[in-house]
Amino acid sequence: MKKVFLGGTCNNSKWRELIIPKLKIDYFNPIVDNWTEEDYKKELIEREQCDYCLYVITPKMKGVYSIAEVIDDSNKRPDKAIFCFVKKEGKYEFDNEQSKSLDKVGIMVENNGGMYCKSLDEVVKYLNKQV
(Lines give C-alpha, C1' and ligand atoms only; values in the text may rest on other atoms or scores of the structure.)
Protein backbone atom coordinates (compact mmCIF):
# COMPACT_ATOMS: atom_id res chain seq x y z
CA MET A 1 0.00 0.00 0.00
CA LYS A 2 1.18 3.51 -0.76
CA LYS A 3 2.07 5.79 2.12
CA VAL A 4 2.18 9.55 2.74
CA PHE A 5 4.41 11.46 5.14
CA LEU A 6 2.35 14.09 7.00
CA GLY A 7 4.79 16.97 7.33
CA GLY A 8 4.13 20.61 7.98
CA THR A 9 2.81 22.71 10.82
CA CYS A 10 2.84 21.14 14.28
CA ASN A 11 2.22 23.45 17.27
CA ASN A 12 -1.17 21.90 18.11
CA SER A 13 -2.43 22.45 14.59
CA LYS A 14 -5.41 20.18 13.89
CA TRP A 15 -5.04 19.69 10.14
CA ARG A 16 -3.81 16.10 10.56
CA GLU A 17 -6.84 15.17 12.65
CA LEU A 18 -9.06 16.60 9.91
CA ILE A 19 -7.60 14.55 7.05
CA ILE A 20 -6.47 11.26 8.65
CA PRO A 21 -10.01 9.82 8.99
CA LYS A 22 -10.64 10.58 5.30
CA LEU A 23 -7.45 9.01 3.92
CA LYS A 24 -7.55 5.71 2.06
CA ILE A 25 -3.75 5.71 1.88
CA ASP A 26 -1.39 4.65 4.68
CA TYR A 27 0.36 7.52 6.45
CA PHE A 28 3.18 8.42 8.80
CA ASN A 29 2.31 11.06 11.39
CA PRO A 30 5.55 12.50 12.84
CA ILE A 31 3.81 14.13 15.83
CA VAL A 32 5.02 12.78 19.17
CA ASP A 33 4.66 14.06 22.74
CA ASN A 34 8.40 14.41 23.44
CA TRP A 35 10.59 14.92 20.38
CA THR A 36 13.90 12.99 20.53
CA GLU A 37 16.86 12.38 18.26
CA GLU A 38 15.40 8.93 17.50
CA ASP A 39 12.16 10.57 16.39
CA TYR A 40 14.13 12.85 14.08
CA LYS A 41 15.98 9.88 12.57
CA LYS A 42 12.71 7.98 12.08
CA GLU A 43 11.19 11.04 10.41
CA LEU A 44 14.09 11.23 7.95
CA ILE A 45 13.68 7.55 7.06
CA GLU A 46 9.91 7.87 6.64
CA ARG A 47 10.29 11.01 4.55
CA GLU A 48 12.65 9.11 2.26
CA GLN A 49 10.60 5.90 2.07
CA CYS A 50 7.05 7.25 1.83
CA ASP A 51 5.52 7.45 -1.65
CA TYR A 52 4.35 11.02 -1.00
CA CYS A 53 5.52 13.82 1.27
CA LEU A 54 2.75 16.21 2.19
CA TYR A 55 3.52 19.55 3.79
CA VAL A 56 0.56 21.51 5.12
CA ILE A 57 1.29 24.98 6.48
CA THR A 58 -1.17 26.68 8.81
CA PRO A 59 -1.06 30.03 10.63
CA LYS A 60 -0.05 28.15 13.78
CA MET A 61 3.43 27.61 12.33
CA LYS A 62 6.32 28.86 14.44
CA GLY A 63 9.31 28.03 12.24
CA VAL A 64 9.93 27.80 8.51
CA TYR A 65 11.71 24.44 8.27
CA SER A 66 8.69 22.75 6.65
CA ILE A 67 8.86 25.30 3.82
CA ALA A 68 12.50 24.34 3.27
CA GLU A 69 11.55 20.64 3.34
CA VAL A 70 8.85 20.95 0.69
CA ILE A 71 11.10 22.99 -1.60
CA ASP A 72 13.90 20.45 -1.06
CA ASP A 73 11.54 17.58 -1.86
CA SER A 74 10.08 19.37 -4.89
CA ASN A 75 13.62 19.69 -6.26
CA LYS A 76 14.92 16.22 -5.34
CA ARG A 77 11.71 14.15 -5.49
CA PRO A 78 9.09 16.22 -7.32
CA ASP A 79 6.80 13.25 -7.94
CA LYS A 80 6.48 12.85 -4.14
CA ALA A 81 6.12 16.48 -3.03
CA ILE A 82 2.69 17.88 -2.12
CA PHE A 83 2.14 21.37 -0.69
CA CYS A 84 -0.93 22.99 0.80
CA PHE A 85 -1.48 25.96 3.05
CA VAL A 86 -4.51 26.71 5.17
CA LYS A 87 -5.19 30.46 5.42
CA LYS A 88 -7.15 30.28 8.67
CA GLU A 89 -7.13 27.91 11.64
CA GLY A 90 -9.26 28.92 14.60
CA LYS A 91 -8.30 32.43 15.68
CA TYR A 92 -5.06 32.28 13.69
CA GLU A 93 -4.95 33.64 10.14
CA PHE A 94 -2.32 34.45 7.54
CA ASP A 95 -2.58 38.02 6.30
CA ASN A 96 -2.77 38.79 2.58
CA GLU A 97 0.99 39.25 2.16
CA GLN A 98 1.74 35.95 3.91
CA SER A 99 -0.90 34.21 1.80
CA LYS A 100 0.59 35.64 -1.40
CA SER A 101 4.04 34.44 -0.33
CA LEU A 102 2.76 30.94 0.49
CA ASP A 103 0.93 30.84 -2.85
CA LYS A 104 4.28 31.59 -4.53
CA VAL A 105 5.81 28.66 -2.59
CA GLY A 106 3.02 26.45 -3.94
CA ILE A 107 3.61 27.68 -7.48
CA MET A 108 7.33 26.97 -7.07
CA VAL A 109 6.55 23.43 -5.89
CA GLU A 110 4.25 22.98 -8.89
CA ASN A 111 6.84 24.40 -11.31
CA ASN A 112 9.38 21.95 -9.91
CA GLY A 113 6.98 19.08 -10.74
CA GLY A 114 5.29 18.69 -7.35
CA MET A 115 1.62 19.01 -6.45
CA TYR A 116 0.09 22.22 -5.10
CA CYS A 117 -3.29 21.66 -3.46
CA LYS A 118 -5.45 24.66 -2.58
CA SER A 119 -7.39 22.96 0.24
CA LEU A 120 -7.28 20.00 2.61
CA ASP A 121 -10.18 18.46 0.66
CA GLU A 122 -8.11 18.67 -2.51
CA VAL A 123 -5.21 16.97 -0.67
CA VAL A 124 -7.46 14.10 0.44
CA LYS A 125 -8.97 13.73 -3.04
CA TYR A 126 -5.52 13.67 -4.68
CA LEU A 127 -4.05 11.16 -2.22
CA ASN A 128 -7.06 8.86 -2.33
CA LYS A 129 -6.78 8.72 -6.14
CA GLN A 130 -3.25 7.33 -5.72
CA VAL A 131 -4.42 4.19 -3.92
# chains A, B, ... in the order shown; residues from 1 in each chain; ligands from 1
>>> select_by_dssp(residues="chain A", states="alpha helix (DSSP H)", output="ChimeraX atom specification")
/A:15-19,37-49,65-76,96-111,120-129
>>> residues_around(residues="Asp26 (chain A)", least_positions_apart="4", cutoff="9 Å", atoms="only C-alpha atoms", output="list in words")
Met1, Lys2, Lys3, Val4 and Phe5 of chain A
>>> residues_around(residues="region 61-75 of chain A", least_positions_apart="6", cutoff="12 Å", atoms="only C-alpha atoms", output="number ranges by chain")
A: 5-15, 43-44, 47-48, 50-55, 81-89, 92-94, 98, 101-116
>>> atom_distance(atom1="CA of Pro21 (chain A)", atom2="CA of Gln130 (chain A)")
16.4 Å
>>> atom_distance(atom1="CA of Ile45 (chain A)", atom2="CA of Asn29 (chain A)")
12.7 Å
>>> atom_distance(atom1="CA of Phe28 (chain A)", atom2="CA of Tyr126 (chain A)")
16.9 Å
>>> select_by_dssp(residues="region 41-121 of chain A", states="strand (DSSP E or B)", output="ChimeraX atom specification")
/A:52-57,81-85,88-89,92-93,115-117
>>> write_last_selection(atoms="N, CA and C atoms", output="tab-separated table (two decimals), in the first residue's frame")
chain	number	residue	atom	x	y	z
A	52	TYR	N	4.68	9.59	-0.89
A	52	TYR	CA	4.35	11.02	-1.00
A	52	TYR	C	4.77	11.73	0.27
A	53	CYS	N	5.17	12.97	0.12
A	53	CYS	CA	5.52	13.82	1.27
A	53	CYS	C	4.64	15.06	1.20
A	54	LEU	N	3.70	15.11	2.12
A	54	LEU	CA	2.75	16.21	2.19
A	54	LEU	C	3.23	17.21	3.23
A	55	TYR	N	3.18	18.47	2.87
A	55	TYR	CA	3.52	19.55	3.79
A	55	TYR	C	2.35	20.54	3.81
A	56	VAL	N	1.67	20.59	4.94
A	56	VAL	CA	0.56	21.51	5.12
A	56	VAL	C	1.02	22.59	6.09
A	57	ILE	N	0.89	23.83	5.67
A	57	ILE	CA	1.29	24.98	6.48
A	57	ILE	C	0.03	25.70	6.94
A	81	ALA	N	6.36	15.26	-3.80
A	81	ALA	CA	6.12	16.48	-3.03
A	81	ALA	C	4.71	17.03	-3.23
A	82	ILE	N	4.03	17.28	-2.10
A	82	ILE	CA	2.69	17.88	-2.12
A	82	ILE	C	2.69	19.03	-1.12
A	83	PHE	N	2.19	20.18	-1.55
A	83	PHE	CA	2.14	21.37	-0.69
A	83	PHE	C	0.71	21.89	-0.61
A	84	CYS	N	0.36	22.34	0.58
A	84	CYS	CA	-0.93	22.99	0.80
A	84	CYS	C	-0.77	23.97	1.96
A	85	PHE	N	-1.43	25.09	1.87
A	85	PHE	CA	-1.48	25.96	3.05
A	85	PHE	C	-2.92	26.30	3.36
A	88	LYS	N	-6.62	29.99	7.35
A	88	LYS	CA	-7.15	30.28	8.67
A	88	LYS	C	-7.32	28.99	9.46
A	89	GLU	N	-6.91	29.03	10.73
A	89	GLU	CA	-7.13	27.91	11.64
A	89	GLU	C	-7.51	28.49	13.00
A	92	TYR	N	-6.30	31.96	14.40
A	92	TYR	CA	-5.06	32.28	13.69
A	92	TYR	C	-5.34	32.40	12.19
A	93	GLU	N	-4.72	33.42	11.57
A	93	GLU	CA	-4.95	33.64	10.14
A	93	GLU	C	-3.73	34.28	9.50
A	115	MET	N	3.06	18.75	-6.47
A	115	MET	CA	1.62	19.01	-6.45
A	115	MET	C	1.32	20.14	-5.49
A	116	TYR	N	0.53	21.10	-5.94
A	116	TYR	CA	0.09	22.22	-5.10
A	116	TYR	C	-1.41	22.11	-4.95
A	117	CYS	N	-1.86	21.78	-3.76
A	117	CYS	CA	-3.29	21.66	-3.46
A	117	CYS	C	-3.75	22.93	-2.76
>>> closest_residue(among="A:Lys100, A:Lys91, A:Lys118, A:Arg16", to="Lys60 (chain A)", atoms="only C-alpha atoms")
A:Lys91
